[in-house]
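Colleague: This one is input-v1.txt, compact mmCIF, C-alpha atoms and all ligand atoms.
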```txt
# COMPACT_ATOMS: atom_id res chain seq x y z
CA MET A 1 0.93 -27.66 14.89
CA PRO A 2 -0.78 -24.26 15.18
CA GLU A 3 -3.18 -23.57 12.37
CA THR A 4 -2.18 -20.69 10.13
CA SER A 5 -4.87 -18.55 8.52
CA PRO A 6 -5.35 -19.04 4.80
CA TYR A 7 -3.44 -16.49 2.71
CA ARG A 8 -5.33 -13.27 1.95
CA GLY A 9 -3.59 -10.61 -0.11
CA ARG A 10 -4.71 -7.35 -1.64
CA PHE A 11 -3.97 -4.56 -4.07
CA ALA A 12 -5.04 -1.15 -2.79
CA PRO A 13 -4.58 1.64 -5.35
CA SER A 14 -5.33 5.29 -4.66
CA PRO A 15 -7.37 6.73 -7.54
CA THR A 16 -4.97 9.59 -8.23
CA GLY A 17 -4.43 8.75 -11.89
CA PRO A 18 -4.36 5.91 -14.39
CA LEU A 19 -2.78 2.56 -13.58
CA HIS A 20 0.91 2.87 -14.44
CA ALA A 21 3.74 0.39 -14.73
CA GLY A 22 4.50 0.62 -11.00
CA SER A 23 0.93 -0.09 -9.95
CA LEU A 24 0.68 -2.97 -12.41
CA LEU A 25 3.83 -4.43 -10.87
CA ALA A 26 2.29 -4.25 -7.38
CA ALA A 27 -1.03 -5.62 -8.62
CA PHE A 28 0.54 -8.50 -10.55
CA GLY A 29 3.12 -9.28 -7.84
CA SER A 30 0.51 -9.41 -5.09
CA TRP A 31 -1.79 -11.50 -7.33
CA LEU A 32 1.01 -13.98 -8.14
CA LEU A 33 1.96 -14.45 -4.49
CA ALA A 34 -1.70 -14.93 -3.52
CA ARG A 35 -2.31 -17.42 -6.32
CA GLN A 36 0.84 -19.32 -5.49
CA ALA A 37 -0.30 -19.66 -1.89
CA GLY A 38 -3.72 -20.87 -3.09
CA GLY A 39 -5.11 -17.80 -1.36
CA THR A 40 -7.57 -14.99 -1.91
CA TRP A 41 -6.71 -11.72 -3.66
CA LEU A 42 -8.70 -8.55 -3.06
CA VAL A 43 -8.83 -5.11 -4.62
CA ARG A 44 -9.54 -2.12 -2.39
CA VAL A 45 -10.09 1.41 -3.70
CA GLU A 46 -8.28 3.82 -1.38
CA ASP A 47 -10.37 6.87 -2.18
CA LEU A 48 -10.00 8.80 1.05
CA ASP A 49 -8.09 11.82 -0.21
CA PRO A 50 -10.50 13.77 -2.45
CA PRO A 51 -8.08 16.70 -2.99
CA ARG A 52 -5.61 14.32 -4.70
CA GLU A 53 -8.14 12.22 -6.54
CA VAL A 54 -8.86 12.40 -10.23
CA PRO A 55 -12.55 12.01 -11.14
CA GLY A 56 -13.13 8.69 -12.89
CA ALA A 57 -9.69 7.31 -11.96
CA ALA A 58 -11.05 4.57 -9.68
CA GLU A 59 -13.30 3.23 -12.44
CA ALA A 60 -10.47 3.50 -14.96
CA GLN A 61 -8.11 1.59 -12.65
CA LEU A 62 -10.68 -1.16 -12.07
CA ALA A 63 -11.35 -1.40 -15.82
CA ALA A 64 -7.61 -1.62 -16.47
CA LEU A 65 -7.19 -4.37 -13.87
CA ALA A 66 -10.05 -6.27 -15.50
CA ALA A 67 -8.36 -5.92 -18.89
CA PHE A 68 -5.22 -7.40 -17.32
CA GLY A 69 -7.32 -10.32 -16.05
CA LEU A 70 -6.74 -9.33 -12.41
CA HIS A 71 -10.13 -9.67 -10.75
CA SER A 72 -10.84 -9.22 -7.06
CA ASP A 73 -12.01 -12.50 -5.50
CA GLU A 74 -14.47 -10.58 -3.30
CA PRO A 75 -16.43 -7.35 -3.78
CA VAL A 76 -14.20 -4.28 -4.07
CA LEU A 77 -14.08 -2.26 -0.85
CA ARG A 78 -14.10 1.55 -1.12
CA GLN A 79 -12.54 3.52 1.67
CA SER A 80 -14.82 6.51 0.99
CA GLU A 81 -17.69 4.38 2.37
CA ARG A 82 -15.92 3.30 5.53
CA GLY A 83 -15.72 6.45 7.64
CA ALA A 84 -17.73 4.91 10.49
CA HIS A 85 -15.12 2.15 10.89
CA TYR A 86 -12.24 4.65 11.00
CA GLN A 87 -14.17 6.77 13.50
CA ALA A 88 -14.74 3.73 15.73
CA ALA A 89 -11.01 2.95 15.73
CA LEU A 90 -10.17 6.60 16.43
CA ASP A 91 -12.67 6.76 19.29
CA ARG A 92 -11.04 3.70 20.88
CA LEU A 93 -7.59 5.23 20.64
CA LEU A 94 -8.84 8.52 22.10
CA ALA A 95 -10.67 6.72 24.92
CA ASP A 96 -7.52 4.71 25.70
CA GLY A 97 -5.42 7.89 25.78
CA LEU A 98 -3.36 6.66 22.82
CA ALA A 99 -4.43 9.46 20.48
CA PHE A 100 -4.88 13.18 21.04
CA VAL A 101 -6.37 16.24 19.41
CA CYS A 102 -3.63 18.47 18.02
CA HIS A 103 -3.78 22.15 17.07
CA CYS A 104 -0.22 22.38 15.76
CA SER A 105 0.14 23.78 12.27
CA ARG A 106 2.83 22.93 9.76
CA SER A 107 4.64 26.16 10.60
CA ASP A 108 4.43 25.43 14.35
CA LEU A 109 6.37 22.22 13.64
CA ALA A 110 8.85 23.75 11.22
CA THR A 111 11.57 24.06 13.86
CA SER A 112 11.40 20.33 14.60
CA GLY A 113 11.52 19.35 10.93
CA GLY A 114 7.79 18.62 10.91
CA ILE A 115 8.20 15.95 13.59
CA HIS A 116 5.65 16.20 16.41
CA ARG A 117 6.78 15.23 19.91
CA HIS A 118 4.55 17.54 21.93
CA CYS A 119 2.06 20.26 21.13
CA VAL A 120 3.60 23.65 20.43
CA ALA A 121 0.57 25.33 18.82
CA ARG A 122 0.59 29.07 19.22
CA ALA A 123 -3.15 29.31 18.66
CA PRO A 124 -6.07 26.88 18.68
CA ARG A 125 -7.44 26.02 15.25
CA PRO A 126 -11.05 25.42 14.39
CA ASP A 127 -10.05 22.22 12.60
CA PRO A 128 -7.57 20.33 14.79
CA ALA A 129 -6.01 17.08 13.64
CA VAL A 130 -5.87 13.87 15.69
CA ARG A 131 -2.50 12.18 16.15
CA LEU A 132 -1.27 8.89 17.57
CA ARG A 133 0.89 9.39 20.64
CA VAL A 134 4.21 7.70 19.87
CA PRO A 135 6.12 7.21 23.14
CA ASP A 136 9.88 7.76 23.19
CA GLY A 137 11.73 4.58 22.32
CA SER A 138 8.98 3.22 20.05
CA VAL A 139 11.29 1.18 17.86
CA ILE A 140 9.52 -1.14 15.46
CA ALA A 141 11.31 -3.97 13.66
CA PHE A 142 9.91 -6.44 11.16
CA ASP A 143 11.19 -8.91 8.58
CA ASP A 144 10.21 -7.86 5.10
CA GLY A 145 9.73 -10.71 2.65
CA LEU A 146 12.25 -9.13 0.27
CA ALA A 147 14.07 -6.30 1.99
CA GLY A 148 14.90 -8.35 5.09
CA ARG A 149 15.08 -6.89 8.59
CA ILE A 150 13.75 -3.32 8.79
CA GLU A 151 13.93 -1.25 11.94
CA GLN A 152 12.64 2.25 12.57
CA ASP A 153 12.61 4.46 15.64
CA VAL A 154 9.14 5.82 14.97
CA ALA A 155 9.28 8.37 17.80
CA ARG A 156 12.51 9.90 16.54
CA GLU A 157 12.13 9.51 12.78
CA VAL A 158 8.38 10.10 12.38
CA GLY A 159 6.98 11.40 15.66
CA ASP A 160 3.32 11.49 16.68
CA PHE A 161 1.60 10.91 13.36
CA VAL A 162 -1.73 12.08 12.02
CA LEU A 163 -4.75 9.76 12.10
CA LYS A 164 -7.36 12.33 11.14
CA ARG A 165 -6.22 15.31 9.14
CA ALA A 166 -6.90 18.97 9.91
CA ASP A 167 -8.89 19.15 6.65
CA GLY A 168 -11.21 16.49 8.09
CA PHE A 169 -10.06 13.59 5.90
CA TRP A 170 -8.84 10.27 7.26
CA ALA A 171 -5.14 9.59 7.16
CA TYR A 172 -3.98 6.69 5.00
CA GLN A 173 -2.17 5.07 7.96
CA LEU A 174 -5.33 4.65 10.01
CA ALA A 175 -7.56 3.56 7.12
CA VAL A 176 -5.11 0.99 5.78
CA VAL A 177 -4.64 -0.60 9.21
CA VAL A 178 -8.37 -0.78 9.93
CA ASP A 179 -9.15 -2.21 6.48
CA ASP A 180 -6.29 -4.72 6.33
CA ALA A 181 -7.49 -6.09 9.68
CA GLU A 182 -11.16 -6.10 8.80
CA GLN A 183 -10.50 -7.83 5.48
CA GLY A 184 -8.37 -10.44 7.25
CA ILE A 185 -5.31 -9.63 5.14
CA THR A 186 -2.50 -12.00 6.07
CA ASP A 187 0.07 -10.74 3.57
CA VAL A 188 0.60 -7.18 2.36
CA VAL A 189 2.52 -7.03 -0.93
CA ARG A 190 3.08 -3.51 -2.29
CA GLY A 191 5.68 -1.10 -3.64
CA ALA A 192 8.86 -0.30 -1.74
CA ASP A 193 7.80 3.35 -1.46
CA LEU A 194 5.56 2.21 1.41
CA LEU A 195 8.34 0.41 3.30
CA ASP A 196 8.77 3.52 5.40
CA SER A 197 5.06 3.53 6.39
CA THR A 198 5.06 -0.04 7.63
CA PRO A 199 6.50 0.61 11.13
CA ARG A 200 3.77 3.23 11.68
CA GLN A 201 1.16 0.70 10.63
CA ILE A 202 2.56 -1.96 12.95
CA LEU A 203 2.56 0.51 15.83
CA LEU A 204 -1.05 1.34 15.10
CA GLN A 205 -1.99 -2.36 14.90
CA GLN A 206 -0.43 -2.81 18.33
CA ALA A 207 -2.31 0.19 19.73
CA LEU A 208 -5.60 -1.19 18.37
CA GLY A 209 -4.87 -4.79 19.39
CA LEU A 210 -4.94 -5.95 15.75
CA PRO A 211 -2.79 -8.69 14.20
CA THR A 212 0.24 -7.72 12.11
CA PRO A 213 0.26 -9.27 8.64
CA GLY A 214 3.39 -10.34 6.75
CA TYR A 215 4.91 -7.61 4.58
CA LEU A 216 6.72 -7.83 1.27
CA HIS A 217 7.71 -4.66 -0.56
CA LEU A 218 8.35 -5.00 -4.27
CA PRO A 219 11.07 -3.02 -6.00
CA LEU A 220 9.92 0.24 -7.52
CA VAL A 221 9.67 0.71 -11.21
CA LEU A 222 12.14 3.35 -12.30
CA ASP A 223 12.01 5.38 -15.46
CA GLU A 224 14.77 5.25 -18.05
CA HIS A 225 16.79 7.82 -16.06
CA GLY A 226 16.62 5.72 -12.90
CA ASP A 227 14.11 8.06 -11.25
CA LYS A 228 11.07 6.81 -9.40
CA LEU A 229 7.84 6.98 -11.35
CA SER A 230 5.46 9.22 -9.48
CA LYS A 231 2.36 7.32 -8.44
CA SER A 232 0.07 10.06 -9.64
CA SER A 233 2.08 10.72 -12.76
CA ALA A 234 0.10 10.21 -15.91
CA ALA A 235 3.39 9.89 -17.77
CA MET A 236 3.41 6.14 -18.05
CA PRO A 237 -0.10 4.75 -17.95
CA VAL A 238 -0.09 1.08 -18.90
CA ASP A 239 -1.86 0.29 -22.14
CA ALA A 240 -4.85 -1.75 -21.02
CA SER A 241 -6.00 -2.15 -24.63
CA ASP A 242 -2.93 -4.31 -25.27
CA PRO A 243 -2.42 -6.05 -21.92
CA VAL A 244 -0.13 -8.94 -22.86
CA PRO A 245 3.08 -6.93 -23.53
CA ALA A 246 2.64 -4.94 -20.29
CA LEU A 247 2.12 -8.16 -18.32
CA ARG A 248 5.27 -9.62 -19.88
CA ARG A 249 7.25 -6.52 -18.89
CA ALA A 250 5.89 -6.69 -15.34
CA TRP A 251 6.76 -10.42 -15.23
CA GLN A 252 10.36 -9.61 -16.15
CA ALA A 253 10.50 -6.72 -13.70
CA LEU A 254 9.47 -9.23 -11.05
CA GLY A 255 12.65 -11.16 -11.92
CA GLN A 256 10.80 -13.98 -13.63
CA ASP A 257 12.00 -15.98 -16.63
CA PRO A 258 10.42 -14.67 -19.86
CA ALA A 259 10.75 -18.17 -21.34
CA ALA A 260 8.36 -19.49 -18.66
CA LEU A 261 5.46 -17.77 -20.43
CA PRO A 262 4.01 -19.07 -23.69
CA ALA A 263 5.04 -17.04 -26.76
CA VAL A 264 1.61 -16.12 -28.03
CA ALA A 265 -1.13 -16.06 -25.49
CA ASP A 266 -4.33 -14.37 -24.52
CA VAL A 267 -4.44 -12.74 -21.08
CA ASP A 268 -6.06 -15.68 -19.33
CA SER A 269 -3.65 -18.33 -20.58
CA LEU A 270 -0.73 -15.98 -19.88
CA LEU A 271 -1.92 -15.52 -16.29
CA ARG A 272 -2.46 -19.25 -15.87
CA ALA A 273 1.11 -19.96 -17.03
CA ALA A 274 2.40 -17.11 -14.84
CA ALA A 275 0.67 -18.48 -11.73
CA GLU A 276 2.09 -21.96 -12.44
CA ASN A 277 5.65 -20.83 -13.16
CA PHE A 278 6.10 -17.96 -10.70
CA LEU A 279 9.21 -18.37 -8.52
CA PRO A 280 9.17 -15.98 -5.54
CA GLU A 281 12.86 -16.64 -4.90
CA ARG A 282 13.55 -14.80 -8.19
CA LEU A 283 11.94 -11.55 -6.98
CA PRO A 284 14.61 -8.84 -7.14
CA ALA A 285 15.37 -7.00 -3.93
CA GLN A 286 16.71 -4.01 -5.90
CA PRO A 287 14.78 -1.46 -7.96
CA SER A 288 14.65 -2.39 -11.59
CA VAL A 289 14.36 -0.55 -14.88
CA PRO A 290 11.94 -2.73 -16.78
CA LEU A 291 10.67 -0.26 -19.29
CA GLN A 292 12.51 -1.55 -22.32
CA ARG A 293 10.03 -2.48 -24.98
CA THR A 294 9.58 -6.14 -25.81
CA THR A 295 8.22 -5.31 -29.23
N1 LIG B 301 -3.20 3.32 -1.60
C1 LIG B 301 -1.79 3.27 -1.45
C2 LIG B 301 -1.11 3.76 -2.69
O1 LIG B 301 -1.66 3.65 -3.78
C3 LIG B 301 -1.26 1.87 -1.23
C4 LIG B 301 -1.67 1.33 0.04
C5 LIG B 301 -1.07 -0.01 0.39
O2 LIG B 301 -0.82 -0.85 -0.49
O3 LIG B 301 -0.89 -0.19 1.58
O4 LIG B 301 -0.02 4.26 -2.56
```
Please rewrite the model in this file as structure tokens.

Modeller:
Amino acid sequence: MPETSPYRGRFAPSPTGPLHAGSLLAAFGSWLLARQAGGTWLVRVEDLDPPREVPGAAEAQLAALAAFGLHSDEPVLRQSERGAHYQAALDRLLADGLAFVCHCSRSDLATSGGIHRHCVARAPRPDPAVRLRVPDGSVIAFDDGLAGRIEQDVAREVGDFVLKRADGFWAYQLAVVVDDAEQGITDVVRGADLLDSTPRQILLQQALGLPTPGYLHLPLVLDEHGDKLSKSSAAMPVDASDPVPALRRAWQALGQDPAALPAVADVDSLLRAAAENFLPERLPAQPSVPLQRTT
């Protein structure tokens, strides 16, 4: 039998605000799946977009995760310190002719709905972006652990996508692919809002000759009106000073049986019971509205 690599999962928040119910769901869900597989669970700070970042948010998110008992099994990686690795990947793609420097502005691409198929820049810019060349017919399909078969025609639906932004910052798609590979991530578990990014990431893995991990996208947490909670919204930060009720709500939102957790428990015994009683087959494939109070 071929040997399979030991399970390595991760939670990779962007420090754009406090940890909210949706991020706790992704953190807890990815932690539960990693624990169940007897694997390793990592936390990575995705701080590569300074214009969207909130000062102190990364530390606050890490402190909140610690209060929830969710500790990275290895040192926390920070994307802001990894520019040389992204540059090396970009240089390879450029050298292989798989990426190109692009002077197109947003308004240049307005007539094609923002989708880039070839350069139409009317003037060179001092700060060009770098894009991945996505050949016609680049259809990517994968089996999501919850959502099932997903297929996207990346050329038609997304186009040549940005790897390095015109403002000089690294694009999430490149950084996440480089870091997932370098950290040996075998299983990406995250919110369903990133389902749409996954084909781009697989295409990039193929261009860089990197392995493709398994993907499982958890249902999004919706607010009481059924609307998606914005990731950077400070509206619903989870209360890290009282972690047990929030963990119980996340447990239920993950489709798990509330009775499987002990009635009164400190965080560590709650997590121990959760890891023992977690049933992945109960994960809901549909978005849920888990914000009813348990107290
Ligand atoms: N940093 C991304 C976010 O917070 C998540 C990246 C990922 O899990 O792939 O939206």

Colleague: Hey, which residues sit close to ligand LIG 301 (chain B)? Say within 7 Å, counting all atoms listed in the file, and write them as an MDAnalysis selection string.

Modeller: chainID A and resid 11:14 46 176 190 194

Colleague: Pull C-alpha atoms from the residues just selected and write them as a tab-separated table (two decimals), keeping the file's coordinate frame.

Modeller:
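Result went into out-v8.tsv, see below:
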```
chain	number	residue	atom	x	y	z
A	11	PHE	CA	-3.97	-4.56	-4.07
A	12	ALA	CA	-5.04	-1.15	-2.79
A	13	PRO	CA	-4.58	1.64	-5.35
A	14	SER	CA	-5.33	5.29	-4.66
A	46	GLU	CA	-8.28	3.82	-1.38
A	176	VAL	CA	-5.11	0.99	5.78
A	190	ARG	CA	3.08	-3.51	-2.29
A	194	LEU	CA	5.56	2.21	1.41
```

Colleague: Kindly indicate which residue among A:Phe100, A:Phe28, A:Trp170, A:Phe161 lies nearest to A:Leu42, using only C-alpha atoms for the distances.

Modeller: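 Among A:Phe100, A:Phe28, A:Trp170, A:Phe161, it is A:Phe28 that comes nearest to A:Leu42.
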
Colleague: Measuring atom to atom with only C-alpha atoms, identify which of A:Ser105, A:Thr212, A:Gln79, A:Ser138 is nearest to A:Asp187.

Modeller: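 Closest candidate: A:Thr212.
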
Colleague: Just the residues within 12 Å of A:Val264, please, counting all atoms listed in the file, with nothing from its chain fewer than 3 positions along; format it as number ranges by chain.

Modeller: A: 244-245, 248, 259, 261, 267-270, 273

Colleague: My list of candidates is A:Ala171, A:Ile185, A:Ile150, A:Ile140. Which is closest to A:Gly83 when distances are computed with only C-alpha atoms?

Modeller: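 Closest candidate: A:Ala171.
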
Colleague: Counting all atoms listed in the file, what is within 12 Å of stretch 35-37 of chain A, bar same-chain residues fewer than 3 positions away, as a PyMOL selection string?

Modeller: chain A and resi 5-10+28-32+40-42+70-73+186-187+271-280

Colleague: Tell me which of A:Ala95, A:Val43, A:Ala129, A:Val189 sits closest to A:Ala207, counting all atoms listed in the file.

Modeller: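 Of all the options, A:Ala95 lies closest to A:Ala207.
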
Colleague: For the point (11.3, -15.0, -3.5) in the file's frame, write as a VMD selection string all residues with an atom no more than 12 Å away, counting only C-alpha atoms.

Modeller: chain A and resid 29 32 to 33 36 144 to 148 216 to 218 254 to 256 278 to 285

Colleague: Using all atoms listed in the file, which of A:Asp180, A:Asp96, A:Glu53, A:Glu81 sits nearest A:Pro213?

Modeller: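 Counting all atoms listed in the file, the residue closest to A:Pro213 is A:Asp180.
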
Colleague: Please compute the atom CA of A:Tyr86-atom CA of A:Pro135 distance, one decimal, in Å.

Modeller: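 So the two atoms, atom CA of A:Tyr86 and atom CA of A:Pro135, lie 22.2 Å apart.
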
Colleague: Report, in Å with one decimal, the straight-line distance from atom CA of A:Gln61 to atom CA of A:Pro18.

Modeller: 6.0 Å

Colleague: Can you tell me, as a ChimeraX atom specification, what residues are no more than 12 Å from A:His118 when counting only C-alpha atoms, ignoring any on the same chain fewer than 2 positions away?

Modeller: /A:100-104,108-109,112,114-116,120-121,131-136,155,159-161

Colleague: Selected residues, C-alpha atoms, written as a compact mmCIF listing (two decimals), keeping the file's coordinate frame, please.

Modeller:
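Printed below is part.txt as written:
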```txt
# COMPACT_ATOMS: atom_id res chain seq x y z
CA PHE A 100 -4.88 13.18 21.04
CA VAL A 101 -6.37 16.24 19.41
CA CYS A 102 -3.63 18.47 18.02
CA HIS A 103 -3.78 22.15 17.07
CA CYS A 104 -0.22 22.38 15.76
CA ASP A 108 4.43 25.43 14.35
CA LEU A 109 6.37 22.22 13.64
CA SER A 112 11.40 20.33 14.60
CA GLY A 114 7.79 18.62 10.91
CA ILE A 115 8.20 15.95 13.59
CA HIS A 116 5.65 16.20 16.41
CA VAL A 120 3.60 23.65 20.43
CA ALA A 121 0.57 25.33 18.82
CA ARG A 131 -2.50 12.18 16.15
CA LEU A 132 -1.27 8.89 17.57
CA ARG A 133 0.89 9.39 20.64
CA VAL A 134 4.21 7.70 19.87
CA PRO A 135 6.12 7.21 23.14
CA ASP A 136 9.88 7.76 23.19
CA ALA A 155 9.28 8.37 17.80
CA GLY A 159 6.98 11.40 15.66
CA ASP A 160 3.32 11.49 16.68
CA PHE A 161 1.60 10.91 13.36
```

Colleague: Measure the distance from atom CA of A:Asp179 to atom CA of A:Asp193 in Å and round it to one decimal.

Modeller: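 Computing it gives 19.5 Å between the two atoms.
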
Colleague: Determine the nearest neighbour of A:Leu93 from the options A:Gln152, A:Gln205, A:Gln252, A:Ser197, counting all atoms listed in the file.

Modeller: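 Looking only at the distances to A:Leu93, the closest residue turns out to be A:Gln205.
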
Colleague: May I have the residues at most 7 Å from (9.5, 2.1, 12.8) in the file's coordinates, counting all atoms listed in the file, as a list in words?

Modeller: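 Every polymer residue passing the test: Val139, Ile140, Ala141, Glu151, Gln152, Asp153, Val154, Pro199 and Arg200 of chain A.
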
Colleague: Since the input is missing atoms for stretch 38-55 of chain A, could you rebuild it with N, CA and C atoms and give the result as a PDB file, in the frame of the given file?

Modeller:
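See rebuild.pdb below for the written result:
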```pdb
ATOM      1  N   GLY A  38      -2.356 -20.328  -3.044  1.00  0.00           N
ATOM      2  CA  GLY A  38      -3.720 -20.870  -3.090  1.00  0.00           C
ATOM      3  C   GLY A  38      -4.670 -19.984  -2.301  1.00  0.00           C
ATOM      4  N   GLY A  39      -4.347 -18.699  -2.224  1.00  0.00           N
ATOM      5  CA  GLY A  39      -5.110 -17.800  -1.360  1.00  0.00           C
ATOM      6  C   GLY A  39      -6.094 -16.916  -2.117  1.00  0.00           C
ATOM      7  N   THR A  40      -6.574 -15.928  -1.401  1.00  0.00           N
ATOM      8  CA  THR A  40      -7.570 -14.990  -1.910  1.00  0.00           C
ATOM      9  C   THR A  40      -6.872 -13.676  -2.209  1.00  0.00           C
ATOM     10  N   TRP A  41      -7.310 -13.012  -3.286  1.00  0.00           N
ATOM     11  CA  TRP A  41      -6.710 -11.720  -3.660  1.00  0.00           C
ATOM     12  C   TRP A  41      -7.813 -10.683  -3.794  1.00  0.00           C
ATOM     13  N   LEU A  42      -7.659  -9.581  -3.102  1.00  0.00           N
ATOM     14  CA  LEU A  42      -8.700  -8.550  -3.060  1.00  0.00           C
ATOM     15  C   LEU A  42      -8.200  -7.241  -3.666  1.00  0.00           C
ATOM     16  N   VAL A  43      -9.138  -6.476  -4.183  1.00  0.00           N
ATOM     17  CA  VAL A  43      -8.830  -5.110  -4.620  1.00  0.00           C
ATOM     18  C   VAL A  43      -9.597  -4.156  -3.719  1.00  0.00           C
ATOM     19  N   ARG A  44      -8.910  -3.138  -3.249  1.00  0.00           N
ATOM     20  CA  ARG A  44      -9.540  -2.120  -2.390  1.00  0.00           C
ATOM     21  C   ARG A  44      -9.241  -0.741  -2.982  1.00  0.00           C
ATOM     22  N   VAL A  45     -10.285   0.053  -3.160  1.00  0.00           N
ATOM     23  CA  VAL A  45     -10.090   1.410  -3.700  1.00  0.00           C
ATOM     24  C   VAL A  45      -9.829   2.353  -2.532  1.00  0.00           C
ATOM     25  N   GLU A  46      -8.650   2.956  -2.503  1.00  0.00           N
ATOM     26  CA  GLU A  46      -8.280   3.820  -1.380  1.00  0.00           C
ATOM     27  C   GLU A  46      -8.594   5.281  -1.723  1.00  0.00           C
ATOM     28  N   ASP A  47      -9.892   5.549  -1.752  1.00  0.00           N
ATOM     29  CA  ASP A  47     -10.370   6.870  -2.180  1.00  0.00           C
ATOM     30  C   ASP A  47     -10.732   7.706  -0.952  1.00  0.00           C
ATOM     31  N   LEU A  48      -9.701   8.006  -0.146  1.00  0.00           N
ATOM     32  CA  LEU A  48     -10.000   8.800   1.050  1.00  0.00           C
ATOM     33  C   LEU A  48      -9.316  10.149   1.039  1.00  0.00           C
ATOM     34  N   ASP A  49      -8.817  10.551  -0.121  1.00  0.00           N
ATOM     35  CA  ASP A  49      -8.090  11.820  -0.210  1.00  0.00           C
ATOM     36  C   ASP A  49      -8.617  12.628  -1.399  1.00  0.00           C
ATOM     37  N   PRO A  50      -9.884  13.099  -1.299  1.00  0.00           N
ATOM     38  CA  PRO A  50     -10.500  13.770  -2.450  1.00  0.00           C
ATOM     39  C   PRO A  50      -9.626  14.855  -3.099  1.00  0.00           C
ATOM     40  N   PRO A  51      -8.869  15.666  -2.311  1.00  0.00           N
ATOM     41  CA  PRO A  51      -8.080  16.700  -2.990  1.00  0.00           C
ATOM     42  C   PRO A  51      -7.066  16.127  -3.998  1.00  0.00           C
ATOM     43  N   ARG A  52      -6.606  14.903  -3.779  1.00  0.00           N
ATOM     44  CA  ARG A  52      -5.610  14.320  -4.700  1.00  0.00           C
ATOM     45  C   ARG A  52      -6.223  13.403  -5.746  1.00  0.00           C
ATOM     46  N   GLU A  53      -7.531  13.185  -5.637  1.00  0.00           N
ATOM     47  CA  GLU A  53      -8.140  12.220  -6.540  1.00  0.00           C
ATOM     48  C   GLU A  53      -8.516  12.825  -7.891  1.00  0.00           C
ATOM     49  N   VAL A  54      -8.492  11.979  -8.890  1.00  0.00           N
ATOM     50  CA  VAL A  54      -8.860  12.400 -10.230  1.00  0.00           C
ATOM     51  C   VAL A  54     -10.220  11.768 -10.532  1.00  0.00           C
ATOM     52  N   PRO A  55     -11.222  12.591 -10.884  1.00  0.00           N
ATOM     53  CA  PRO A  55     -12.550  12.010 -11.140  1.00  0.00           C
ATOM     54  C   PRO A  55     -12.456  10.909 -12.209  1.00  0.00           C
TER      55      PRO A  55
END
```
